[in-house]
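One file, data.cif, carrying mmCIF, C-alpha atoms:
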```
data_data
loop_
_atom_site.label_atom_id
_atom_site.label_comp_id
_atom_site.auth_asym_id
_atom_site.auth_seq_id
_atom_site.Cartn_x
_atom_site.Cartn_y
_atom_site.Cartn_z
CA MET A 1 -6.71 -1.83 -13.97
CA LYS A 2 -5.73 -5.35 -12.90
CA LYS A 3 -8.60 -7.52 -11.77
CA ILE A 4 -8.75 -9.31 -8.45
CA ALA A 5 -9.33 -13.04 -8.82
CA VAL A 6 -10.14 -15.80 -6.38
CA VAL A 7 -8.78 -18.61 -8.52
CA ILE A 8 -5.03 -19.16 -8.49
CA MET A 9 -3.34 -20.81 -11.47
CA PHE A 10 0.16 -22.25 -11.64
CA PHE A 11 2.44 -21.92 -14.68
CA SER A 12 5.15 -24.19 -16.00
CA PHE A 13 7.82 -21.82 -14.80
CA CYS A 14 10.36 -22.50 -12.08
CA GLY A 15 11.92 -19.29 -10.83
CA GLY A 16 15.49 -18.57 -11.79
CA SER A 17 15.88 -21.54 -14.13
CA ASP A 18 16.57 -21.45 -17.86
CA GLU A 19 15.31 -25.00 -18.28
CA THR A 20 11.83 -25.84 -19.57
CA ILE A 21 9.62 -27.10 -16.75
CA GLU A 22 6.67 -29.37 -17.34
CA PRO A 23 3.31 -28.18 -15.92
CA LEU A 24 2.66 -29.22 -12.36
CA THR A 25 -0.22 -31.35 -11.13
CA THR A 26 -2.00 -28.90 -8.89
CA THR A 27 -5.17 -28.89 -6.82
CA THR A 28 -6.26 -25.52 -5.50
CA THR A 29 -9.02 -24.94 -2.99
CA SER A 30 -10.13 -21.34 -2.52
CA THR A 31 -12.09 -20.86 0.68
CA THR A 32 -12.68 -17.10 0.47
CA SER A 33 -11.24 -14.20 -1.42
CA THR A 34 -10.16 -12.47 1.77
CA THR A 35 -9.16 -13.39 5.28
CA THR A 36 -8.09 -11.46 8.35
CA ARG A 37 -4.69 -11.71 9.98
CA ASP A 38 -3.21 -10.12 13.08
CA GLU A 39 -0.81 -7.29 12.34
CA ASP A 40 2.52 -8.60 11.11
CA THR A 41 1.47 -12.26 11.22
CA THR A 42 1.11 -14.30 8.06
CA THR A 43 -1.88 -16.35 6.94
CA THR A 44 -3.26 -17.59 3.68
CA SER A 45 -6.78 -18.00 2.34
CA THR A 46 -5.96 -20.83 -0.02
CA THR A 47 -4.82 -24.42 0.37
CA ASP A 48 -2.57 -25.90 -2.29
CA THR A 49 -1.65 -29.57 -2.67
CA GLN A 50 0.85 -30.46 -5.30
CA SER A 51 2.80 -33.42 -6.62
CA ILE A 52 6.57 -33.26 -6.46
CA ASN A 53 8.01 -32.00 -9.71
CA ASN A 54 11.22 -33.83 -10.46
CA ASP A 55 12.49 -30.82 -12.40
CA CYS A 56 12.38 -28.67 -9.26
CA PRO A 57 15.43 -28.76 -6.98
CA GLU A 58 15.09 -29.45 -3.27
CA LYS A 59 15.95 -25.81 -2.61
CA LEU A 60 15.51 -22.95 -5.04
CA LEU A 61 18.11 -20.20 -5.07
CA PHE A 62 16.88 -16.71 -4.13
CA ASP A 63 18.67 -13.41 -4.37
CA THR A 64 18.07 -11.17 -1.39
CA PRO A 65 15.33 -8.66 -2.26
CA VAL A 66 17.23 -5.67 -0.85
CA ASP A 67 20.72 -4.19 -1.02
CA LEU A 68 22.66 -5.99 1.69
CA ASN A 69 25.13 -3.09 1.88
CA LEU A 70 22.35 -1.07 3.54
CA VAL A 71 21.12 -3.77 5.93
CA THR A 72 22.16 -3.27 9.55
CA SER A 73 20.62 -6.37 11.13
CA ILE A 74 18.56 -9.46 10.34
CA LEU A 75 15.16 -10.51 11.69
CA TYR A 76 15.30 -14.28 12.08
CA PRO A 77 12.34 -16.36 10.88
CA GLY A 78 10.45 -18.45 13.42
CA GLN A 79 10.64 -16.40 16.60
CA ILE A 80 8.33 -14.40 18.87
CA ARG A 81 8.40 -10.67 18.14
CA ALA A 82 5.99 -8.09 19.56
CA ASN A 83 4.23 -10.90 21.47
CA TYR A 84 3.41 -12.83 18.27
CA PHE A 85 5.09 -15.83 16.69
CA LYS A 86 6.55 -14.76 13.34
CA PRO A 87 7.19 -17.46 10.73
CA HIS A 88 8.92 -14.84 8.57
CA GLY A 89 12.12 -12.89 9.08
CA GLY A 90 13.33 -9.70 7.51
CA PHE A 91 15.86 -6.91 7.19
CA ARG A 92 16.41 -3.75 9.26
CA PHE A 93 17.93 -0.50 8.03
CA ASP A 94 18.96 1.67 10.96
CA GLY A 95 20.95 4.89 11.02
CA LEU A 96 19.82 6.14 7.61
CA GLY A 97 18.51 9.41 9.04
CA ASP A 98 15.02 10.64 9.83
CA ASN A 99 12.31 10.19 7.22
CA ASN A 100 14.60 8.02 5.09
CA ASN A 101 12.59 4.99 4.04
CA ASN A 102 14.18 4.90 0.58
CA ILE A 103 14.98 1.21 0.24
CA THR A 104 14.56 -0.51 -3.13
CA VAL A 105 12.96 -3.95 -3.08
CA LYS A 106 13.45 -6.34 -5.99
CA ILE A 107 11.92 -9.70 -6.89
CA PRO A 108 14.36 -12.37 -5.63
CA ILE A 109 13.33 -15.11 -8.08
CA ASP A 110 11.11 -15.44 -11.16
CA SER A 111 7.57 -15.82 -9.84
CA PHE A 112 3.88 -14.93 -10.05
CA LEU A 113 1.86 -12.67 -7.77
CA VAL A 114 -0.93 -14.59 -6.01
CA LEU A 115 -1.92 -12.69 -2.84
CA GLY A 116 -1.95 -9.14 -1.52
CA SER A 117 -2.94 -6.94 1.39
CA ARG A 118 -2.95 -3.24 2.22
CA TYR A 119 -3.52 -1.94 5.71
CA ILE A 120 -2.63 0.99 7.94
CA VAL A 121 -0.02 1.11 10.71
CA GLU A 122 0.52 4.33 12.63
CA GLY A 123 -1.37 6.22 9.96
CA GLN A 124 0.73 4.87 7.08
CA VAL A 125 -0.46 2.48 4.37
CA GLN A 126 1.54 -0.74 4.25
CA TYR A 127 1.50 -3.47 1.59
CA MET A 128 2.13 -7.20 1.76
CA PHE A 129 2.37 -9.45 -1.31
CA GLU A 130 2.82 -13.18 -1.77
CA PHE A 131 4.42 -14.69 -4.87
CA ASN A 132 4.59 -18.30 -6.02
CA THR A 133 6.90 -20.27 -8.26
CA ALA A 134 5.83 -23.28 -10.33
CA CYS A 135 7.73 -25.37 -7.79
CA ASN A 136 5.11 -24.36 -5.18
CA VAL A 137 7.71 -22.52 -3.12
CA LYS A 138 6.21 -19.18 -2.13
CA PHE A 139 7.66 -16.01 -0.66
CA ARG A 140 6.20 -12.94 0.99
CA LEU A 141 7.34 -9.35 1.27
CA ASP A 142 5.62 -7.15 3.83
CA HIS A 143 5.78 -3.53 5.00
CA LEU A 144 6.27 -2.15 1.53
CA LEU A 145 5.52 1.58 1.56
CA VAL A 146 5.90 2.97 -1.98
CA LEU A 147 5.24 0.54 -4.83
CA SER A 148 6.38 0.38 -8.44
CA PRO A 149 3.77 1.60 -10.95
CA LYS A 150 3.07 -1.98 -12.09
CA LEU A 151 2.41 -3.21 -8.56
CA GLN A 152 0.57 -0.05 -7.51
CA GLU A 153 -1.94 -0.55 -10.32
CA ILE A 154 -2.73 -3.98 -8.86
CA ALA A 155 -2.75 -2.72 -5.27
CA ASP A 156 -5.28 -0.01 -6.10
CA ASN A 157 -7.88 -2.76 -6.49
CA LEU A 158 -7.34 -4.18 -3.00
CA PRO A 159 -9.93 -3.42 -0.29
CA ALA A 160 -9.60 0.04 1.22
CA PRO A 161 -6.94 0.01 3.95
CA LYS A 162 -7.92 0.26 7.60
CA GLU A 163 -5.83 0.59 10.74
CA GLY A 164 -4.61 -2.84 11.83
CA GLU A 165 -6.96 -4.75 9.49
CA THR A 166 -4.60 -6.87 7.44
CA ARG A 167 -6.99 -8.83 5.23
CA THR A 168 -5.46 -10.73 2.37
CA THR A 169 -6.94 -10.96 -1.11
CA ASN A 170 -6.27 -13.53 -3.83
CA LEU A 171 -4.88 -11.90 -6.96
CA GLU A 172 -4.61 -12.91 -10.59
CA ASN A 173 -1.27 -14.42 -11.54
CA VAL A 174 0.93 -11.62 -12.84
CA GLU A 175 4.47 -12.52 -13.84
CA PHE A 176 7.38 -10.83 -12.09
CA LEU A 177 10.97 -11.52 -13.08
CA LYS A 178 14.01 -11.76 -10.83
CA GLY A 179 15.50 -8.32 -10.30
CA GLU A 180 12.30 -6.44 -11.11
CA VAL A 181 11.78 -3.47 -8.78
CA ILE A 182 8.49 -3.66 -6.85
CA ALA A 183 9.00 -0.99 -4.17
CA THR A 184 11.18 2.05 -3.56
CA GLU A 185 10.31 2.72 0.11
CA VAL A 186 9.65 0.37 3.03
CA GLY A 187 8.68 0.37 6.68
CA ILE A 188 7.15 3.02 8.88
CA LEU A 189 8.30 6.59 9.51
CA ASN A 190 11.60 6.39 11.44
CA ASN A 191 11.33 2.59 11.58
CA VAL A 192 12.84 1.22 8.38
CA PHE A 193 12.49 -2.51 7.79
CA VAL A 194 10.95 -5.06 5.44
CA ASP A 195 9.67 -8.54 6.22
CA PHE A 196 10.71 -11.52 4.10
CA GLY A 197 9.66 -15.17 4.33
CA ILE A 198 9.98 -18.28 2.16
CA TYR A 199 7.47 -21.15 2.37
CA ASP A 200 7.90 -24.61 0.83
CA TYR A 201 4.40 -25.98 0.27
CA ARG A 202 5.66 -29.29 -1.10
CA LYS A 203 6.11 -30.60 2.43
CA GLU A 204 5.80 -29.63 6.08
CA ASN A 205 8.94 -28.48 7.88
CA GLU A 206 10.67 -30.35 10.70
CA ALA A 207 9.61 -27.68 13.21
CA SER A 208 5.98 -28.66 12.64
CA LYS A 209 6.83 -31.98 14.31
CA THR A 210 8.98 -30.72 17.18
CA SER A 211 8.18 -27.08 17.97
CA GLU A 212 5.30 -26.22 20.27
CA LEU A 213 5.34 -22.66 18.92
CA VAL A 214 4.80 -23.91 15.38
CA LYS A 215 2.21 -26.49 16.46
CA SER A 216 0.21 -23.87 18.34
CA PHE A 217 0.34 -21.25 15.57
CA GLY A 218 -3.12 -20.90 14.11
CA TYR A 219 -2.21 -20.87 10.43
CA GLU A 220 -0.83 -23.46 8.04
CA ILE A 221 1.93 -21.17 6.81
CA ALA A 222 4.08 -21.82 9.90
CA LYS A 223 4.36 -25.50 8.93
CA HIS A 224 5.88 -24.57 5.58
CA ALA A 225 8.18 -21.70 6.54
CA VAL A 226 11.89 -22.36 6.08
CA CYS A 227 15.16 -20.91 7.29
CA TRP A 228 15.49 -18.75 4.20
CA PHE A 229 19.21 -18.16 4.81
CA ASP A 230 19.72 -21.67 3.40
CA TRP A 231 17.85 -20.75 0.21
CA LEU A 232 19.95 -17.71 -0.73
CA THR A 233 22.64 -17.60 -3.37
CA PRO A 234 25.99 -18.48 -1.72
CA ASN A 235 27.35 -14.93 -1.63
CA ASP A 236 24.14 -13.48 -0.17
CA GLU A 237 23.88 -16.30 2.36
CA GLU A 238 27.38 -15.60 3.64
CA ILE A 239 26.65 -11.89 4.06
CA VAL A 240 23.33 -12.49 5.82
CA ARG A 241 24.83 -14.98 8.26
CA ASN A 242 27.54 -12.48 9.19
CA LEU A 243 25.11 -9.64 9.86
CA PRO A 244 23.99 -9.19 13.48
CA PRO A 245 20.53 -10.40 14.53
CA SER A 246 17.91 -7.79 15.37
CA GLY A 247 16.42 -6.94 18.74
CA ASN A 248 16.21 -8.84 21.98
CA GLU A 249 15.14 -12.02 20.20
CA GLY A 250 18.55 -12.28 18.58
CA SER A 251 19.21 -15.43 16.59
CA SER A 252 16.52 -17.54 18.26
CA SER A 253 14.62 -19.44 15.58
CA GLU A 254 12.38 -22.46 15.27
CA TYR A 255 13.61 -22.93 11.69
CA CYS A 256 17.28 -21.94 11.67
CA LYS A 257 18.82 -24.65 13.80
CA ASN A 258 22.54 -25.34 14.12
CA ASN A 259 23.37 -22.56 11.69
#
```
Target format structure tokens, applied to this file:
Amino acid sequence: MKKIAVVIMFFSFCGGSDETIEPLTTTTTSTTSTTTRDEDTTTTSTTDTQSINNDCPEKLLFDTPVDLNLVTSILYPGQIRANYFKPHGGFRFDGLGDNNNNITVKIPIDSFLVLGSRYIVEGQVQYMFEFNTACNVKFRLDHLLVLSPKLQEIADNLPAPKEGETRTTNLENVEFLKGEVIATEVGILNNVFVDFGIYDYRKENEASKTSELVKSFGYEIAKHAVCWFDWLTPNDEEIVRNLPPSGNEGSSSEYCKNN
């Protein structure tokens, strides 16, 4: 079994690059091994400060973690959904038929697992995981339903899931490579979706200076969330931008401005 750890280490590894990256200067402060977050909101139990690594580009290039041919609409990052501000966005898969949550999720960039959570929604266990690159650009995938064996072995050590209690737990750094399958089903019965967010911890975003929604959000993660459309490979970015936005919130976003 994989062990749960409260100390997070960073490796000289910048996702998706074949170049050798020098180790980063990193200070990590771990406050607790777990924290509590409202359902579907994102928080973190660690604070990371890091010098700029000149070998890291301003924006890393991510593949989309799901098959865009199956996506029916896009959840925009940085909008209010279900009465909560959501720094993350995501993908919806409608019209696949009842009880069809069979969506494969792959790692979008070389990275290391640093945080996890399992909780219950409508009687179904859901999983959220956070990954980090050596460039201190993190991403999260939430509402995973059926995990790969490698990830399930790690998830089995998380605190027992409870309805609506979405505590997060710091995890040992386990390497995951771009394209590696981490889940084969997502979402909730007859509600098929997966959340996706990218967070640049090298600096605070512009919305943290101008948006009252971001300023009033109770967790640091909102100040580092980005419009992840801009961070996708060119082909994936074009497809995502041409897909319709989800729900009544549409394309409103505190992060995706003038896109």
Find the nearest atom pair between each residue of range 81-165 of chain A and range 193-202 of chain A for residues within 9 Å, count all atoms listed in the file, give distances in Å to one decimal, sort rows by chain and ascending number, and present the table as a Markdown table.
```
| residue | atom | partner | partner_atom | distance |
| --- | --- | --- | --- | --- |
| A:Pro87 | CA | A:Gly197 | CA | 7.2 |
| A:His88 | CA | A:Gly197 | CA | 4.3 |
| A:Gly89 | CA | A:Phe196 | CA | 5.4 |
| A:Gly90 | CA | A:Asp195 | CA | 4.1 |
| A:Phe91 | CA | A:Val194 | CA | 5.5 |
| A:Arg92 | CA | A:Phe193 | CA | 4.4 |
| A:Phe93 | CA | A:Phe193 | CA | 5.8 |
| A:Asp94 | CA | A:Phe193 | CA | 8.3 |
| A:Asn101 | CA | A:Phe193 | CA | 8.4 |
| A:Ile103 | CA | A:Phe193 | CA | 8.8 |
| A:Val105 | CA | A:Val194 | CA | 8.8 |
| A:Met128 | CA | A:Asp195 | CA | 8.9 |
| A:Cys135 | CA | A:Arg202 | CA | 8.0 |
| A:Asn136 | CA | A:Tyr201 | CA | 5.7 |
| A:Val137 | CA | A:Asp200 | CA | 4.5 |
| A:Lys138 | CA | A:Tyr199 | CA | 5.1 |
| A:Phe139 | CA | A:Ile198 | CA | 4.3 |
| A:Arg140 | CA | A:Gly197 | CA | 5.3 |
| A:Leu141 | CA | A:Phe196 | CA | 4.9 |
| A:Asp142 | CA | A:Asp195 | CA | 4.9 |
| A:His143 | CA | A:Val194 | CA | 5.4 |
| A:Leu144 | CA | A:Val194 | CA | 6.8 |
```
- Item | Between CA of Arg167 in chain A and CA of Glu212 in chain A, distance in Å (one decimal) | 26.1 Å
- To one decimal in Å, tell me the separation between CA of Gln152 in chain A and CA of Ile182 in chain A.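 CA of Ile182 in chain A lies 8.7 Å from CA of Gln152 in chain A.
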Could you tell me which residues the PyMOL selection byres ((chain A and resi 244-252) around 6) grabs in this file, written as an mmCIF file with C-alpha atoms, in the coordinates of the input?
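What landed in selection25.cif:
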```cif
data_model
loop_
_atom_site.group_PDB
_atom_site.id
_atom_site.type_symbol
_atom_site.label_atom_id
_atom_site.label_comp_id
_atom_site.auth_asym_id
_atom_site.auth_seq_id
_atom_site.Cartn_x
_atom_site.Cartn_y
_atom_site.Cartn_z
ATOM 1 C CA SER A 73 20.620 -6.370 11.130
ATOM 2 C CA ILE A 74 18.560 -9.460 10.340
ATOM 3 C CA LEU A 75 15.160 -10.510 11.690
ATOM 4 C CA LEU A 243 25.110 -9.640 9.860
ATOM 5 C CA SER A 253 14.620 -19.440 15.580
#
```
- Item | Residue neighbourhood Ile109 in chain A, 12 Å, only C-alpha atoms, exclusion window fewer than 6 positions, as a PyMOL selection string | chain A and resi 13-17+60-65+131-135+137-140+175-181+198+231-233
- Coordinates-based distance that separates CA of Leu96 in chain A from CA of Leu145 in chain A (Å, one decimal):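 These two atoms are separated by 16.2 Å.
Checking A:Asp236, A:Glu122, A:Glu172, A:Asp156 one by one against Pro108 in chain A, counting all atoms listed in the file, you find the shortest gap at A:Asp236.
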- On this structure, which residues satisfy the PyMOL selection byres ((chain A and resi 81) around 10), written as a ChimeraX atom specification? /A:40-41,75-76,78-80,82-86,247-249
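Shortest atom-to-atom contact with Leu151 in chain A among A:Ile120, A:Leu70, A:Leu113, A:Val214: A:Leu113, counting only C-alpha atoms.
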- Message: For Tyr119 in chain A, find every residue with an atom within 6 Å (counting only C-alpha atoms), except residues of its own chain fewer than 3 positions away, and show them as a list of chain:residue names.
- Response: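 The neighbour list is A:Val125, A:Gln126, A:Pro161, A:Lys162, A:Glu165, A:Thr166.
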- Item | Which of A:Glu254, A:Glu237, A:Asp230, A:Asp110 sits closest to Leu213 in chain A [using only C-alpha atoms] |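 Smallest distance to Leu213 in chain A is found for A:Glu254.
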- Message: So, with only C-alpha atoms as the atoms that count, which of A:Leu158, A:Val192, A:Ser216, A:Ser117 lies closest to Thr72 in chain A?
- Response: A:Val192
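Counting only C-alpha atoms, the residue from A:Glu130, A:Cys256, A:Asn242, A:Pro149 that sits nearest to Leu68 in chain A is A:Asn242.
Once the PyMOL selection byres ((chain A and resi 204) around 10) is applied to this file, the selection holds Tyr199, Asp200, Tyr201, Arg202, Lys203, Asn205, Glu206, Ala207, Ser208, Lys209, Glu220, Ile221, Ala222, Lys223, His224, Ala225 and Val226 of chain A.
Using all atoms listed in the file for every distance, the candidate list A:Cys227, A:Ala160, A:Val121, A:Val240 yields A:Val121 as the residue closest to Leu189 in chain A.
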